[in-house]
2 protein chains.
Amino acid sequence: MNSPGDVLGLISRGDADTRAELARLTGMARSTVAQRVDTLIAYGIVEERDSGASTGGRPPRVLRLDTDDNCVLGVDLGATHSRVALMDVGGALLADREDPLHITEGPERVLGRIDERMHELVAAAERPLHAVKAIGIGVPGPVEFATGRPVNPPIMPGWHEYAVPEYFTARYPLDVLVDNDVNALALGEVRHGATAAGDLLFVKVGTGIGCGIIAGDRLHRGAQGSAGDIGHIRVPGSEAVQCRCGNTGCLEAVAGGAALAARLRAAGVAAADGRAVVELVDRGDPLAVRLVREAGRDIGDVLAGLVNFFNPEAIVVGGVLARAHEPLLAGVREAVYQRSLPLATHRLTVVPTATGEAGGALGAGRLAIDHVLDPAHVDTALAATPAAGATAAAR
Amino acid sequence: MNSPGDVLGLISRGDADTRAELARLTGMARSTVAQRVDTLIAYGIVEERDSGASTGGRPPRVLRLDTDDNCVLGVDLGATHSRVALMDVGGALLADREDPLHITEGPERVLGRIDERMHELVAAAERPLHAVKAIGIGVPGPVEFATGRPVNPPIMPGWHEYAVPEYFTARYPLDVLVDNDVNALALGEVRHGATAAGDLLFVKVGTGIGCGIIAGDRLHRGAQGSAGDIGHIRVPGSEAVQCRCGNTGCLEAVAGGAALAARLRAAGVAAADGRAVVELVDRGDPLAVRLVREAGRDIGDVLAGLVNFFNPEAIVVGGVLARAHEPLLAGVREAVYQRSLPLATHRLTVVPTATGEAGGALGAGRLAIDHVLDPAHVDTALAATPAAGATAAAR
């Protein structure tokens with residue numbers, strides 16, 4: 001309590017911006033406040049400047065995050081693209097870039113490209129490379145969050161148990177957080193989107209279907225970090241549909257982008273993937289519109305049970321298929337409002353994502369920022385720094 | 001930060017038990033620590049005693065919760081019984097009592113009986129009545145937690161929007177927390193049972209079926225407080241079964257105790273309710289055993305989806321039907337392990353509750369204790385107390 005990390009929390013949340021304010025809020029002696037603040041300044045995360053508000057006397061000096069020297073990289077890896085965003089720890093986007101990039105090329109090549117982008121973006125934003133303190137990465141598959149290793153990711157050959165963080169930590173003095181892409185999307189939505197709900201589900205409908213869960217303002221990852229894996233929940237009445245997982249009737253096999261494209265092809269309509277399905281919907285193809293609406297109903301059937309169970313404030317729908325959000329959301333709403341309990345749907349909103357293409361990268365960047373500003377992380381880092389160690393240990 | 005409430009947190013969690021320890025942990029000046037501690041002692045929640053460890057010099061004085069003068073009442077209201085437990089704020093059970101009590105008698109009579117029990121229990125435990133600082137009550141129906149009012153509770157005629165807290169707050173200077181009974185059961189399980197999981201589902205299988213959710217060590221109530229209402233999630237393949245809610249195929253209509261008893265009666269076996277079903281299972285009635293196992297499978301079918309979504313560490317099964325836990329849990333496990341993803345079931349445990357009959361009352365008592373020791377609550381109460389107000393305002 002009132003460690004340097006806690007003091008950083010007060011400054012970064014905007015609760016205090018002067019030494020006097022910190023003393024008032026914490027009850028600490030001025031000398032103790034000075035010790036904590038000096039430690040944070042020496043560590044480089046906080047800076048103190050003249051406020052400029054000269055009223056005759058000596059102007060008060062103002063404390064704030066040193067955003068010039070503390071940045072993060074947010075990385076969104078998809079099946080066939082990547083987006084990399086450079087942000088400062090205040091959350092401002094400094095530069096970003098999207099590229100085609102096939103995740104099937106394997107971790108060494110893909111992460112090598114991300115490494116190149118990092119150099120380009122810091123150069124473009126005129127920041128030194130050592131200002132990048134952490135990298136957050138969202139990947140399209142299950143991840144053991146504690147170690148940052150993908151676990152049997154179906155569409156990422158070569159990535160199983162690959163030590164993603166070590167690729168960067170062996171080269172640079174920074175930390176790396178790896179998470180499932182839908183978790184990054186959910187975080188991006190509540191921090192950079194239009195829906196700042198405390199209990200929210202972000203449903204990504206792409207080739208597969210996944211869900212990021214915000215419970216009580218925090219990401220809910222579950223006991224093994226696999227929470228939100230809704231693509232293999234059974235859709236009532238779809239037992240005849242075989243899924244690649246070995247079970248039948250899974251949501252993903254019924255309503256995912258790949259399943260819809262296959263059904264269009266079976267009807268003689270050319271459609272390679274979910275993107276093609278959306279293009280058909282945009283052109284008004286009646287079969288495509290009907291299939292997307294049905295997919296929305298099937299997704300809604302599964303969400304109806306989850307709404308009863310979890311009672312979210314909002315459901316946000318993203319992913320490639322959400323670009324056809326009119327028929328998709330009509331179907332989702334239809335099933336949810338029919339099957340869920342009135343108390344749970346009373347104030348529920350079902351909306352398309354508002355973060356656009358950059359949501360995943362911004363959310364991944366937020367993972368990294370939350371880590372850099374985490375009081376426990378800062379205190380641990382200070383305890384390991386000889387110069388600042390004595391002060392940190394004395395807390 | 002470091003308000004009197006925060007200092008109470010350090011003492012109640014056992015992080016600090018002397019003024020010197022508080023000064024070391026918080027960085028506050030000794031005089032500020034003294035101010036905070038004296039405020040808490042004057043408020044009556046903390047006491048300071050000689051440690052007794054005399055080593056020649058003056059023995060250090062030890063701070064601890066004043067458990068003699070700070071108690072709570074935990075109340076578990078069922079359809080046909082009540083259990084009332086008197087606990088101190090350290091969590092120790094001082095006295096408890098179970099009675100037959102029909103919730104259909106309405107709030108005035110039921111709460112009147114709870115009031116009588118409170119007087120009897122404090123007398124039995126030799127505590128003054130004013131030592132009871134809060135009452136936690138679990139009720140068998142949906143509740144708006146913020147106001148403590150039941151919302152359209154199906155088996156509680158006369159309770160809709162009844163102001164339960166006001167019944168007591170009009171008579172005594174204490175606070176009242178009202179919650180759904182399964183939330184109390186979930187809290188009782190993680191604090192007093194055998195399963196201290198951070199992510200846990202407590203499934204109560206009685207006449208109806210409900211679920212208490214612990215997410216990241218906290219109760220998850222959802223946006224409208226209706227989270228965990230799994231009794232009306234659709235069971236695949238049961239669309240022909242009509243539910244009293246107006247929908248078809250609801251879990252409760254398929255696998256609840258009332259549904260099983262009705263099915264036994266239809267087969268010519270006398271069974272009034274879930275309790276009778278359990279007695280038949282205990283006597284080895286083959287139809288009853290088969291129906292309970294099938295009910296377990298149906299519950300497991302719904303839980304399989306929730307396991308994928310929520311990734312709990314443990315599922316704990318309670319309620320009347322859990323007394324027949326061998327066939328019930330066999331059915332649940334069968335369906336969950338067949339339908340859920342391997343990563344999510346890898347370390348999942350499915351067990352019967354370990355808190356026994358008292359779980360609901362102990363959990364309701366924990367709701368009250370958490371409220372009494374909540375830093376924000378203590379600081380608010382202090383600010384409203386003229387004597388201590390000046391100190392609290394100075395934080």
# chains A, B, ... in the order shown; residues from 1 in each chain; ligands from 1
call {"tool": "interface_residues", "arguments": {"of": "chain B", "to": "chain A", "cutoff": "8 Å", "atoms": "only C-alpha atoms", "output": "ChimeraX atom specification"}}
result
/B:1-3,24-29,32,198-199,211,215-216,220-230,232-237,247,304-313,339-341,343-344,394-395
call {"tool": "select_by_dssp", "arguments": {"residues": "range 271-323 of chain A", "states": "strand (DSSP E or B)", "output": "VMD selection string"}}
result
chain A and resid 314 to 318
call {"tool": "closest_atom_pairs", "arguments": {"of": "range 348-379 of chain A", "to": "range 37-47 of chain A", "cutoff": "12 Å", "atoms": "only C-alpha atoms", "output": "Markdown table"}}
result
| residue | atom | partner | partner_atom | distance |
| --- | --- | --- | --- | --- |
| A:Ile369 | CA | A:Ile45 | CA | 11.9 |
| A:Val372 | CA | A:Ile45 | CA | 9.1 |
| A:Leu373 | CA | A:Ile45 | CA | 8.7 |
| A:Asp374 | CA | A:Ile45 | CA | 11.8 |
| A:Pro375 | CA | A:Leu40 | CA | 11.3 |
| A:Val378 | CA | A:Leu40 | CA | 8.9 |
| A:Asp379 | CA | A:Leu40 | CA | 9.9 |
call {"tool": "residues_around", "arguments": {"residues": "Gly141 in chain B", "least_positions_apart": "2", "cutoff": "8 Å", "atoms": "only C-alpha atoms", "output": "PyMOL selection string"}}
result
chain B and resi 139+143+150-156+180-181
call {"tool": "closest_residue", "arguments": {"among": "B:Leu264, B:Arg171, B:Leu63, B:Val332", "to": "Glu294 in chain B", "atoms": "only C-alpha atoms"}}
result
B:Val332
call {"tool": "select_by_dssp", "arguments": {"residues": "range 202-333 of chain B", "states": "helix (DSSP H, G or I)", "output": "ChimeraX atom specification"}}
result
/B:230-232,251-255,257-266,274-282,286-310,320-333
call {"tool": "residues_around", "arguments": {"residues": "Val164 in chain B", "least_positions_apart": "6", "cutoff": "12 Å", "atoms": "only C-alpha atoms", "output": "PyMOL selection string"}}
result
chain B and resi 106-112+114+135-139+143-151+158+170+175-179
call {"tool": "residues_around", "arguments": {"residues": "Ala186 in chain B", "least_positions_apart": "3", "cutoff": "10 Å", "atoms": "only C-alpha atoms", "output": "ChimeraX atom specification"}}
result
/B:181-183,189-193,195,200-204,211-214,219,316-318,353,359-360,363-364
call {"tool": "closest_residue", "arguments": {"among": "B:Ala34, B:Ala20, B:Val132, B:Val241", "to": "Thr67 in chain B", "atoms": "only C-alpha atoms"}}
result
B:Val132
call {"tool": "decode", "arguments": {"residues": "range 170-216 of chain B", "atoms": "C-alpha atoms", "output": "CSV table (one decimal), in the first residue's frame"}}
result
chain,number,residue,atom,x,y,z
B,170,ALA,CA,-36.7,0.8,10.3
B,171,ARG,CA,-36.2,-1.2,13.5
B,172,TYR,CA,-32.5,-1.4,14.1
B,173,PRO,CA,-29.3,0.6,13.2
B,174,LEU,CA,-27.9,-2.0,10.8
B,175,ASP,CA,-27.5,-2.7,7.1
B,176,VAL,CA,-29.2,-5.4,5.1
B,177,LEU,CA,-27.9,-7.2,1.9
B,178,VAL,CA,-30.3,-9.3,0.0
B,179,ASP,CA,-29.2,-11.6,-2.8
B,180,ASN,CA,-30.2,-14.7,-4.7
B,181,ASP,CA,-29.8,-17.9,-2.7
B,182,VAL,CA,-27.4,-19.4,-5.3
B,183,ASN,CA,-25.0,-16.4,-5.0
B,184,ALA,CA,-24.9,-17.0,-1.2
B,185,LEU,CA,-24.3,-20.7,-1.8
B,186,ALA,CA,-21.4,-19.9,-4.2
B,187,LEU,CA,-19.8,-17.5,-1.7
B,188,GLY,CA,-20.4,-20.1,1.2
B,189,GLU,CA,-18.6,-22.7,-0.9
B,190,VAL,CA,-15.5,-20.7,-1.7
B,191,ARG,CA,-15.2,-19.3,1.9
B,192,HIS,CA,-16.4,-22.2,4.0
B,193,GLY,CA,-16.4,-25.2,1.7
B,194,ALA,CA,-13.7,-27.4,0.2
B,195,THR,CA,-13.3,-25.6,-3.2
B,196,ALA,CA,-11.5,-22.3,-3.0
B,197,ALA,CA,-11.5,-21.7,-6.7
B,198,GLY,CA,-11.1,-18.3,-8.3
B,199,ASP,CA,-13.5,-19.2,-11.2
B,200,LEU,CA,-16.3,-21.4,-10.0
B,201,LEU,CA,-19.9,-22.4,-10.8
B,202,PHE,CA,-22.2,-23.4,-8.0
B,203,VAL,CA,-25.2,-25.2,-9.6
B,204,LYS,CA,-28.2,-25.6,-7.3
B,205,VAL,CA,-30.5,-28.4,-8.4
B,206,GLY,CA,-33.8,-28.2,-6.4
B,207,THR,CA,-37.3,-27.6,-7.6
B,208,GLY,CA,-35.7,-25.2,-10.0
B,209,ILE,CA,-32.2,-24.9,-11.3
B,210,GLY,CA,-29.9,-21.9,-10.7
B,211,CYS,CA,-26.2,-21.1,-10.7
B,212,GLY,CA,-23.9,-18.8,-8.6
B,213,ILE,CA,-20.8,-17.5,-10.5
B,214,ILE,CA,-17.5,-16.7,-9.0
B,215,ALA,CA,-15.3,-14.9,-11.6
B,216,GLY,CA,-11.8,-13.9,-10.5
